[in-house]
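For reference, input-v5.tsv (TSV, C-alpha atoms):
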```
chain	number	residue	atom	x	y	z
O	382	MET	CA	115.74	-12.25	31.43
O	383	VAL	CA	115.56	-14.44	34.55
O	384	ALA	CA	111.78	-14.75	34.60
O	385	LEU	CA	111.54	-15.85	30.98
O	386	GLN	CA	114.46	-18.24	31.28
O	387	MET	CA	112.76	-19.97	34.19
O	388	LEU	CA	109.44	-20.19	32.37
O	389	PHE	CA	111.07	-21.89	29.43
O	390	GLY	CA	112.71	-24.57	31.49
O	391	VAL	CA	116.11	-23.29	32.63
O	392	ALA	CA	116.47	-24.60	36.16
O	393	ALA	CA	117.57	-22.32	38.94
O	394	LEU	CA	121.11	-22.94	40.10
O	395	ALA	CA	121.82	-23.94	43.66
O	396	CYS	CA	123.72	-21.40	45.71
O	397	VAL	CA	127.40	-21.41	44.74
O	398	CYS	CA	128.84	-20.16	48.05
O	399	GLN	CA	131.48	-22.36	49.66
O	400	ASP	CA	130.32	-21.08	53.03
O	401	LYS	CA	126.77	-22.45	52.93
O	402	SER	CA	125.65	-20.08	55.68
O	403	LEU	CA	125.85	-17.36	53.01
O	404	CYS	CA	123.27	-19.24	50.93
O	405	LYS	CA	120.48	-18.14	53.22
O	406	PRO	CA	118.66	-14.80	52.93
O	407	LEU	CA	119.73	-12.16	55.41
O	408	THR	CA	117.76	-11.93	58.64
O	409	THR	CA	119.40	-8.78	59.98
O	410	PRO	CA	117.24	-5.65	60.32
O	411	ALA	CA	117.15	-3.37	57.31
O	412	ALA	CA	119.23	-0.17	57.40
O	413	LYS	CA	117.57	3.14	58.21
O	414	LYS	CA	117.68	4.06	54.52
O	415	GLU	CA	118.09	1.96	51.38
O	416	VAL	CA	121.11	2.43	49.11
O	417	ILE	CA	120.59	0.14	46.13
O	418	ALA	CA	122.84	-0.74	43.21
O	419	PHE	CA	121.26	-2.05	40.03
O	420	ALA	CA	123.88	-4.34	38.58
O	421	PRO	CA	123.37	-5.62	35.01
O	422	ASP	CA	127.11	-6.20	34.43
O	423	GLN	CA	128.46	-9.71	34.93
O	424	ASP	CA	131.46	-9.00	37.14
O	425	ALA	CA	131.54	-5.25	37.84
O	426	TRP	CA	130.13	-5.91	41.33
O	427	LYS	CA	133.59	-7.15	42.35
O	428	THR	CA	134.75	-3.50	42.41
O	429	TYR	CA	131.75	-2.17	44.36
O	430	ASN	CA	132.18	-0.58	47.76
O	431	LEU	CA	129.71	-2.96	49.40
O	432	SER	CA	129.89	-1.17	52.73
O	433	SER	CA	127.96	1.75	51.20
O	434	LEU	CA	125.11	-0.45	49.93
O	435	THR	CA	122.08	-2.16	51.43
O	436	THR	CA	120.88	-4.10	48.38
O	437	ILE	CA	122.14	-5.27	44.99
O	438	MET	CA	119.59	-5.85	42.22
O	439	LYS	CA	120.96	-8.85	40.33
O	440	PHE	CA	120.28	-9.37	36.64
O	441	HIS	CA	120.31	-12.72	34.85
O	442	ASN	CA	123.79	-12.34	33.34
O	443	MET	CA	125.45	-11.43	36.63
O	444	ASN	CA	127.88	-13.82	38.30
O	445	ASP	CA	126.04	-15.85	40.97
O	446	GLU	CA	128.94	-15.36	43.38
O	447	VAL	CA	127.52	-11.91	44.12
O	448	VAL	CA	125.20	-13.65	46.62
O	449	CYS	CA	128.19	-14.84	48.62
O	450	ALA	CA	129.96	-11.47	48.61
O	451	GLY	CA	126.78	-9.55	49.29
O	452	HIS	CA	125.64	-11.66	52.21
O	453	ALA	CA	129.13	-11.68	53.71
O	454	ALA	CA	129.00	-7.87	53.70
O	455	GLY	CA	125.43	-7.71	55.04
O	456	VAL	CA	124.04	-6.64	51.65
O	457	ARG	CA	120.81	-8.13	50.34
O	458	VAL	CA	120.83	-9.57	46.82
O	459	VAL	CA	117.50	-9.33	45.03
O	460	ILE	CA	116.53	-10.74	41.64
O	461	ASN	CA	115.52	-8.24	38.98
O	462	SER	CA	113.83	-9.30	35.75
O	463	ASP	CA	111.19	-8.42	33.23
O	464	PHE	CA	107.69	-9.87	33.16
O	465	ASP	CA	106.03	-9.89	29.75
O	466	LYS	CA	103.10	-7.55	30.42
O	467	THR	CA	101.21	-8.93	27.43
O	468	GLN	CA	100.90	-12.17	29.42
O	469	LEU	CA	99.03	-10.69	32.39
O	470	THR	CA	95.78	-12.18	31.03
O	471	ASN	CA	97.41	-15.60	30.56
O	472	ALA	CA	96.69	-17.48	33.79
O	473	SER	CA	98.99	-20.39	32.93
O	474	TYR	CA	101.90	-18.07	32.24
O	475	VAL	CA	101.31	-16.13	35.46
O	476	ASN	CA	101.08	-19.31	37.54
O	477	ALA	CA	104.30	-20.65	36.02
O	478	PHE	CA	106.05	-17.35	36.64
O	479	ILE	CA	105.12	-17.35	40.32
O	480	THR	CA	106.06	-20.99	40.86
O	481	ASN	CA	109.40	-20.69	39.10
O	482	THR	CA	110.27	-17.34	40.65
O	483	GLN	CA	109.64	-18.80	44.11
O	484	ARG	CA	111.88	-21.77	43.34
O	485	TYR	CA	114.62	-19.63	41.81
O	486	VAL	CA	114.73	-17.23	44.74
O	487	LYS	CA	114.66	-20.02	47.33
O	488	GLU	CA	117.28	-22.24	45.71
O	489	GLY	CA	119.62	-19.34	44.96
O	490	GLY	CA	119.43	-17.88	48.47
O	491	TYR	CA	118.16	-14.53	47.20
O	492	ASP	CA	116.53	-11.90	49.40
O	493	GLY	CA	113.55	-10.97	47.27
O	494	TYR	CA	112.28	-9.83	43.91
O	495	ASN	CA	112.19	-6.49	42.08
O	496	PHE	CA	109.45	-5.93	39.49
O	497	ASP	CA	110.17	-3.81	36.42
O	498	ILE	CA	106.97	-3.65	34.35
O	499	GLU	CA	106.94	-0.32	32.57
O	500	ALA	CA	104.45	1.68	30.49
O	501	LEU	CA	101.44	-0.41	31.50
O	502	SER	CA	98.14	1.14	30.42
O	503	GLU	CA	95.67	-1.66	31.17
O	504	ASN	CA	95.07	-4.73	33.34
O	505	ARG	CA	96.16	-2.93	36.49
O	506	ASP	CA	94.13	-5.25	38.76
O	507	LEU	CA	95.85	-8.25	37.17
O	508	LEU	CA	99.20	-6.56	37.82
O	509	THR	CA	98.28	-6.03	41.47
O	510	SER	CA	97.29	-9.69	41.73
O	511	LEU	CA	100.60	-10.78	40.19
O	512	VAL	CA	102.58	-8.74	42.70
O	513	GLU	CA	100.46	-9.90	45.65
O	514	ARG	CA	100.66	-13.57	44.72
O	515	THR	CA	104.39	-13.46	44.01
O	516	ALA	CA	105.03	-11.70	47.32
O	517	ALA	CA	102.90	-14.22	49.23
O	518	ALA	CA	104.79	-17.13	47.67
O	519	LEU	CA	108.23	-15.68	48.44
O	520	ARG	CA	107.27	-14.63	51.96
O	521	SER	CA	105.95	-18.12	52.71
O	522	ASP	CA	109.60	-19.20	52.45
O	523	ASN	CA	111.15	-16.02	53.83
O	524	PRO	CA	108.91	-13.61	55.76
O	525	LEU	CA	111.54	-10.89	55.22
O	526	ALA	CA	111.58	-11.23	51.42
O	527	GLN	CA	112.01	-7.77	49.91
O	528	ILE	CA	109.40	-7.06	47.21
O	529	THR	CA	109.80	-3.83	45.26
O	530	PHE	CA	108.62	-2.18	42.04
O	531	ASP	CA	110.35	0.19	39.59
O	532	THR	CA	107.92	2.97	38.71
O	533	SER	CA	107.82	6.18	36.71
O	534	ILE	CA	108.96	9.35	38.46
O	535	SER	CA	105.81	10.95	37.05
O	536	ALA	CA	103.69	8.43	39.00
O	537	THR	CA	101.65	7.50	35.93
O	538	THR	CA	98.53	5.84	37.28
O	539	ALA	CA	96.80	4.40	34.21
O	540	GLY	CA	98.06	0.85	34.66
O	541	TYR	CA	99.12	0.94	38.31
O	542	ASP	CA	97.04	0.88	41.50
O	543	TYR	CA	99.57	2.53	43.80
O	544	ALA	CA	97.40	2.21	46.91
O	545	ALA	CA	96.90	-1.52	46.37
O	546	LEU	CA	100.56	-2.12	45.48
O	547	ASN	CA	101.63	-0.20	48.57
O	548	ARG	CA	99.97	-2.81	50.79
O	549	THR	CA	102.36	-5.44	49.43
O	550	LEU	CA	105.57	-3.64	48.47
O	551	ASP	CA	108.44	-2.78	50.77
O	552	PHE	CA	109.00	0.31	48.63
O	553	PHE	CA	108.67	1.89	45.20
O	554	ILE	CA	111.67	2.88	43.06
O	555	PRO	CA	110.64	5.88	40.91
O	556	MET	CA	113.10	6.12	38.02
O	557	ALA	CA	114.21	9.75	37.98
O	558	TYR	CA	116.11	9.57	34.71
O	559	ASP	CA	115.58	9.53	30.95
O	560	MET	CA	113.44	12.62	31.46
O	561	CYS	CA	115.17	14.11	28.44
O	562	TRP	CA	113.89	11.26	26.27
O	563	GLY	CA	112.57	12.62	22.98
O	564	SER	CA	114.00	16.10	23.54
O	565	LYS	CA	115.15	18.07	20.51
O	566	THR	CA	117.41	20.25	22.65
O	567	ALA	CA	120.28	19.22	24.92
O	568	GLU	CA	119.09	19.08	28.52
O	569	PRO	CA	119.65	17.18	31.79
O	570	ASN	CA	118.85	13.49	32.04
O	571	SER	CA	117.55	13.90	35.59
O	572	PRO	CA	116.38	17.52	36.07
O	573	MET	CA	115.65	18.68	39.61
O	574	ASP	CA	112.35	20.32	38.68
O	575	GLY	CA	111.12	17.05	37.20
O	576	ILE	CA	112.22	15.13	40.30
O	577	LEU	CA	110.45	17.54	42.66
O	578	LYS	CA	107.28	17.45	40.57
O	579	GLY	CA	107.33	13.66	40.61
O	580	LEU	CA	107.98	13.46	44.34
O	581	GLN	CA	105.01	15.75	44.93
O	582	ALA	CA	102.81	13.23	43.13
O	583	TYR	CA	104.04	10.47	45.46
O	584	ASN	CA	103.54	12.77	48.44
O	585	ASP	CA	99.96	13.45	47.34
O	586	MET	CA	99.38	9.66	47.45
O	587	GLY	CA	100.90	9.45	50.94
O	588	LEU	CA	103.83	7.40	49.66
O	589	MET	CA	106.85	9.66	50.14
O	590	HIS	CA	108.21	7.47	52.96
O	591	LYS	CA	108.07	4.45	50.60
O	592	VAL	CA	110.11	6.12	47.83
O	593	VAL	CA	113.63	4.92	47.01
O	594	LEU	CA	114.67	7.51	44.45
O	595	GLY	CA	116.28	6.00	41.35
O	596	LEU	CA	119.09	8.20	40.01
O	597	PRO	CA	121.40	7.88	36.98
O	598	TRP	CA	125.12	7.26	36.84
O	599	TYR	CA	125.09	8.08	33.13
O	600	GLY	CA	124.09	10.86	30.77
O	601	TYR	CA	123.40	11.74	27.15
O	602	ARG	CA	125.48	13.22	24.35
O	603	PHE	CA	123.38	15.43	22.07
O	604	PRO	CA	124.56	16.15	18.51
O	605	CYS	CA	124.29	19.91	17.97
O	606	SER	CA	124.17	22.14	14.96
O	607	LYS	CA	126.75	24.46	16.55
O	608	PRO	CA	128.30	25.25	19.95
O	609	SER	CA	125.79	27.06	22.11
O	610	PRO	CA	125.10	28.10	25.71
O	611	GLU	CA	123.29	25.88	28.19
O	612	GLY	CA	119.90	24.78	26.89
O	613	GLY	CA	120.51	26.16	23.42
O	614	CYS	CA	121.85	23.13	21.58
O	615	PRO	CA	119.21	21.97	19.07
O	616	SER	CA	119.59	18.50	17.67
O	617	ALA	CA	119.32	17.93	13.95
O	618	MET	CA	118.15	14.33	14.38
O	619	PRO	CA	115.56	12.38	16.43
O	620	PHE	CA	116.54	11.50	20.01
O	621	SER	CA	118.16	8.09	20.36
O	622	GLY	CA	118.92	5.90	23.35
O	623	SER	CA	122.26	5.23	21.68
O	624	TRP	CA	123.30	8.73	22.77
O	625	SER	CA	123.76	7.48	26.34
O	626	PHE	CA	127.23	7.51	27.90
O	627	THR	CA	128.29	6.06	31.24
O	628	PHE	CA	129.71	8.42	33.83
O	629	ASP	CA	133.23	7.12	33.13
O	630	GLN	CA	132.82	7.67	29.38
O	631	ALA	CA	131.35	11.15	29.76
O	632	ASP	CA	133.89	12.25	32.35
O	633	ALA	CA	136.80	11.11	30.18
O	634	LEU	CA	135.58	13.26	27.28
O	635	GLN	CA	135.99	16.45	29.33
O	636	ALA	CA	139.58	16.58	28.10
O	637	GLN	CA	138.19	17.34	24.61
O	638	ALA	CA	135.80	20.06	25.78
O	639	THR	CA	135.60	23.17	23.60
O	640	THR	CA	133.60	24.96	26.31
O	641	PRO	CA	134.59	24.89	29.99
O	642	PRO	CA	132.69	22.11	31.82
O	643	ALA	CA	130.07	23.70	34.05
O	644	TYR	CA	126.93	22.97	36.05
O	645	THR	CA	123.39	23.98	35.22
O	646	SER	CA	121.86	26.75	37.31
O	647	ALA	CA	119.88	24.12	39.23
O	648	GLN	CA	123.07	22.16	39.89
O	649	ASP	CA	121.32	19.10	38.47
O	650	ALA	CA	123.71	18.26	35.63
O	651	ARG	CA	127.28	18.81	34.45
O	652	PHE	CA	127.63	19.75	30.81
O	653	PHE	CA	130.18	20.67	28.18
O	654	SER	CA	130.56	20.79	24.41
O	655	TYR	CA	133.19	19.16	22.23
O	656	VAL	CA	133.79	18.39	18.57
O	657	SER	CA	134.35	14.95	17.06
O	658	SER	CA	134.66	14.14	13.35
O	659	GLY	CA	133.29	17.57	12.47
O	660	THR	CA	130.17	17.23	14.63
O	661	THR	CA	129.62	19.37	17.73
O	662	TYR	CA	128.18	17.53	20.71
O	663	GLN	CA	126.89	18.66	24.08
O	664	MET	CA	127.13	16.20	26.96
O	665	TYR	CA	124.81	16.29	29.96
O	666	TYR	CA	125.44	13.88	32.83
O	667	ASP	CA	125.39	13.51	36.60
O	668	ASP	CA	128.53	13.49	38.75
O	669	ALA	CA	129.20	13.36	42.49
O	670	HIS	CA	128.25	17.03	42.90
O	671	THR	CA	124.89	16.90	41.12
O	672	LEU	CA	123.99	13.60	42.73
O	673	SER	CA	124.79	14.91	46.19
O	674	THR	CA	122.19	17.65	45.70
O	675	LYS	CA	119.68	14.90	44.86
O	676	TYR	CA	120.76	12.56	47.65
O	677	ALA	CA	120.02	15.44	50.03
O	678	LEU	CA	116.35	14.90	49.20
O	679	ILE	CA	116.46	11.61	51.13
O	680	GLU	CA	116.68	13.54	54.37
O	681	SER	CA	114.83	16.73	53.46
O	682	LYS	CA	111.86	14.86	51.94
O	683	ASN	CA	112.02	11.84	54.27
O	684	LEU	CA	112.50	9.38	51.43
O	685	LYS	CA	113.23	5.69	51.98
O	686	GLY	CA	116.58	5.96	50.17
O	687	THR	CA	118.15	5.97	46.73
O	688	ALA	CA	118.95	3.51	43.94
O	689	VAL	CA	121.72	3.73	41.36
O	690	TRP	CA	121.13	2.93	37.69
O	691	TYR	CA	123.59	1.51	37.21
O	692	ALA	CA	126.56	0.96	39.48
O	693	GLY	CA	128.94	-0.30	36.79
O	694	CYS	CA	128.89	3.13	35.09
O	695	ALA	CA	131.46	4.53	37.53
O	696	SER	CA	134.69	2.73	38.34
O	697	PRO	CA	135.85	3.32	41.94
O	698	THR	CA	139.44	3.21	40.64
O	699	SER	CA	139.14	6.51	38.73
O	700	THR	CA	139.15	9.90	40.45
O	701	GLY	CA	135.66	10.82	39.31
O	702	GLY	CA	134.32	7.33	39.89
O	703	ALA	CA	135.76	7.22	43.40
O	704	ALA	CA	133.95	10.48	44.13
O	705	MET	CA	130.69	8.94	42.87
O	706	TRP	CA	131.05	6.04	45.29
O	707	ALA	CA	132.15	8.33	48.12
O	708	ALA	CA	128.94	10.33	47.70
O	709	LEU	CA	126.99	7.21	48.75
O	710	GLU	CA	128.83	6.81	52.02
O	711	GLY	CA	126.70	7.34	55.08
O	712	LEU	CA	123.39	7.61	53.22
O	713	LYS	CA	122.04	4.38	54.72
O	714	GLU	CA	122.44	5.83	58.22
O	715	LEU	CA	120.54	9.10	57.58
```
Now, as a test, write the supplied structure out as structure tokens.
Amino acid sequence: MVALQMLFGVAALACVCQDKSLCKPLTTPAAKKEVIAFAPDQDAWKTYNLSSLTTIMKFHNMNDEVVCAGHAAGVRVVINSDFDKTQLTNASYVNAFITNTQRYVKEGGYDGYNFDIEALSENRDLLTSLVERTAAALRSDNPLAQITFDTSISATTAGYDYAALNRTLDFFIPMAYDMCWGSKTAEPNSPMDGILKGLQAYNDMGLMHKVVLGLPWYGYRFPCSKPSPEGGCPSAMPFSGSWSFTFDQADALQAQATTPPAYTSAQDARFFSYVSSGTTYQMYYDDAHTLSTKYALIESKNLKGTAVWYAGCASPTSTGGAAMWAALEGLKEL
């Protein structure tokens, strides 16, 4: 990841934009609401409808030209990377991370940094210090540097001091997906009841207005013992992350459906069954319809916005993918 590459001596690249004015972070006011695209694919961003977005979260393998295109369209481009949480007690490592992150962001013309440190159960004060010091360093160069943190939708507090982090962060990005992880029965990846329960936890902490709700553009294919109604597809094997399918992949498989594609009663997932090589599968995934019901929470719950994990899952050139992108239009002006 970017952070580790920098720590081990890979120099940050200077901004690649021919128009050097695009090499500077944006100074325009932020939109009313955030619409963020996580973008781990190298070149998929070239197909994005940038006019619908406010921020792109850039991963290490992504083409650096995204800075030029993003800034030209008024879209912030923020670095996303992992920090090795086992190194929180290593002062030398932390100092090097902060120094190199500051240099990388400044030299690349990026608009900020997004932390993704998951499943932390200890050293929460050291985590808070890391975020505060990194933010101070970046904002010494760019007072508008966007500093954000990907968190659990369940608002797990063991390793995270939300109140302290809130004083530094522009917003939190609760990841409202993979809630079916470990399930032995086919079910939605991003169930509405789980989202509402999680949002209530953020509301109880007084943070609802700082929530950018992370939602999935992918789903999971569960191997079943036999075709069955919604919620009745037991799996004969342990859950695996390899069961994930992008929206485009899942949507294309509808043509093989042995049960009519339908929506759950909560309208929080599309699902269907099909057979491949003698095995019956049930697919659960989000589409433009289910996501629109979740995007509506931005206004009804006064959220800060939404984030897509991840934008390359839906091609705007396909009918279903175009509908996914269309569902984002206008959200930043709510």
Box centre and edge lengths (Å, one decimal), axis-aligned, segment 687-702 of chain O plus 4 Å each side, as AutoDock Vina command-line options:
```
--center_x 128.8 --center_y 5.3 --center_z 40.9 --size_x 29.3 --size_y 19.1 --size_z 19.6
```
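Counting all atoms listed in the file, the residue from O:Thr538, O:Thr661, O:Asn570, O:Asn476 that sits nearest to Ser606 of chain O is O:Thr661.
For the residues O:Pro524, O:Gly575, O:Pro619, O:Gly693, ranking by smallest atom-to-atom distance to Ala418 of chain O using only C-alpha atoms places O:Gly693 first.
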Task: Who sits within 12 Å of segment 581-590 of chain O, only C-alpha atoms, same chain under 2 positions skipped, as a PyMOL selection string - done: chain O and resi 413-415+532-538+542-548+550-555+574-579+592-594+678-687
Those selected residues, please, written with C-alpha atoms and delivered as a compact mmCIF listing (two decimals), keeping the file's coordinate frame.
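Written file, part-v4.txt:
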```txt
# COMPACT_ATOMS: atom_id res chain seq x y z
CA LYS O 413 117.57 3.14 58.21
CA LYS O 414 117.68 4.06 54.52
CA GLU O 415 118.09 1.96 51.38
CA THR O 532 107.92 2.97 38.71
CA SER O 533 107.82 6.18 36.71
CA ILE O 534 108.96 9.35 38.46
CA SER O 535 105.81 10.95 37.05
CA ALA O 536 103.69 8.43 39.00
CA THR O 537 101.65 7.50 35.93
CA THR O 538 98.53 5.84 37.28
CA ASP O 542 97.04 0.88 41.50
CA TYR O 543 99.57 2.53 43.80
CA ALA O 544 97.40 2.21 46.91
CA ALA O 545 96.90 -1.52 46.37
CA LEU O 546 100.56 -2.12 45.48
CA ASN O 547 101.63 -0.20 48.57
CA ARG O 548 99.97 -2.81 50.79
CA LEU O 550 105.57 -3.64 48.47
CA ASP O 551 108.44 -2.78 50.77
CA PHE O 552 109.00 0.31 48.63
CA PHE O 553 108.67 1.89 45.20
CA ILE O 554 111.67 2.88 43.06
CA PRO O 555 110.64 5.88 40.91
CA ASP O 574 112.35 20.32 38.68
CA GLY O 575 111.12 17.05 37.20
CA ILE O 576 112.22 15.13 40.30
CA LEU O 577 110.45 17.54 42.66
CA LYS O 578 107.28 17.45 40.57
CA GLY O 579 107.33 13.66 40.61
CA VAL O 592 110.11 6.12 47.83
CA VAL O 593 113.63 4.92 47.01
CA LEU O 594 114.67 7.51 44.45
CA LEU O 678 116.35 14.90 49.20
CA ILE O 679 116.46 11.61 51.13
CA GLU O 680 116.68 13.54 54.37
CA SER O 681 114.83 16.73 53.46
CA LYS O 682 111.86 14.86 51.94
CA ASN O 683 112.02 11.84 54.27
CA LEU O 684 112.50 9.38 51.43
CA LYS O 685 113.23 5.69 51.98
CA GLY O 686 116.58 5.96 50.17
CA THR O 687 118.15 5.97 46.73
```
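For the pair atom CA of Leu519 of chain O and atom CA of Gly493 of chain O, the interatomic distance is 7.2 Å.
Comparing the minimum interatomic distances between Ser673 of chain O and each of O:Asn471, O:Met573, O:Tyr691, O:Ser521, counting all atoms listed in the file, we find that O:Met573 sits nearest.
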Contacts between segment 651-659 of chain O and segment 471-589 of chain O, please, where a residue of segment 471-589 of chain O counts if it comes within 12 Å (with all atoms listed in the file); show its shortest atom pair and distance in Å to one decimal, rows by chain and ascending number, as a tab-separated table.
```
residue	atom	partner	partner_atom	distance
O:Ala567	CA	O:Phe652	CA	9.4
O:Glu568	CA	O:Phe652	CA	8.9
O:Pro569	CA	O:Arg651	CA	8.2
O:Asn570	CA	O:Arg651	CA	10.3
O:Ser571	CA	O:Arg651	CA	11.0
O:Pro572	CA	O:Arg651	CA	11.1
```
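Each of O:Gly702, O:Asp492, O:Ala450, O:Asp422 was compared to Leu407 of chain O using all atoms listed in the file, and O:Asp492 turns out to be the nearest.
The interatomic distance for the pair atom CA of Ser433 of chain O and atom CA of Ala708 of chain O works out to 9.3 Å.
Counting all atoms listed in the file, the residue from O:Arg602, O:Lys405, O:Arg520, O:Arg505 that sits nearest to Arg457 of chain O is O:Lys405.
The shortest atom-to-atom distance to Thr549 of chain O, with all atoms listed in the file taken into account, belongs to O:Lys591 out of O:Lys401, O:Lys487, O:Lys713, O:Lys591.
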Task: Neighbour list for Pro615 of chain O as a ChimeraX atom specification, cut-off 6 Å, only C-alpha atoms, skip fewer than 6 positions in-chain - done: /O:565-566,605
Task: Straight-line distance linking atom CA of Val458 of chain O with atom CA of Ile437 of chain O, stated in Å to one decimal - done: 4.9 Å
Skip Gly622 of chain O itself and residues of its chain fewer than 5 positions away, then list as a PDB file with C-alpha atoms, keeping the file's coordinate frame all residues within 10 Å of it, counting only C-alpha atoms.
```pdb
ATOM      1  CA  ASP O 559     115.580   9.530  30.950  1.00  0.00           C
ATOM      2  CA  TRP O 562     113.890  11.260  26.270  1.00  0.00           C
ATOM      3  CA  GLY O 563     112.570  12.620  22.980  1.00  0.00           C
ATOM      4  CA  TYR O 601     123.400  11.740  27.150  1.00  0.00           C
ATOM      5  CA  ARG O 602     125.480  13.220  24.350  1.00  0.00           C
TER       6      ARG O 602
END
```
- [ ] Excluding Trp598 of chain O and residues on its chain fewer than 2 positions from it, collect all residues at most 9 Å away from it, counting all atoms listed in the file, and give them as a PyMOL selection string.
- [x] chain O and resi 596+600+627-629+666-668+672+689-695+705
Store the residues picked out above in a file with C-alpha atoms, as a compact mmCIF listing (two decimals), keeping the file's coordinate frame.
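Okay, result.txt is ready:
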```txt
# COMPACT_ATOMS: atom_id res chain seq x y z
CA LEU O 596 119.09 8.20 40.01
CA GLY O 600 124.09 10.86 30.77
CA THR O 627 128.29 6.06 31.24
CA PHE O 628 129.71 8.42 33.83
CA ASP O 629 133.23 7.12 33.13
CA TYR O 666 125.44 13.88 32.83
CA ASP O 667 125.39 13.51 36.60
CA ASP O 668 128.53 13.49 38.75
CA LEU O 672 123.99 13.60 42.73
CA VAL O 689 121.72 3.73 41.36
CA TRP O 690 121.13 2.93 37.69
CA TYR O 691 123.59 1.51 37.21
CA ALA O 692 126.56 0.96 39.48
CA GLY O 693 128.94 -0.30 36.79
CA CYS O 694 128.89 3.13 35.09
CA ALA O 695 131.46 4.53 37.53
CA MET O 705 130.69 8.94 42.87
```
TODO: Find the residues near segment 466-469 of chain O: any atom within 7 Å, counting all atoms listed in the file, skip ones fewer than 3 places away on the same chain, and give them as an MDAnalysis selection string.
DONE: chainID O and resid 474:475 498 507:508
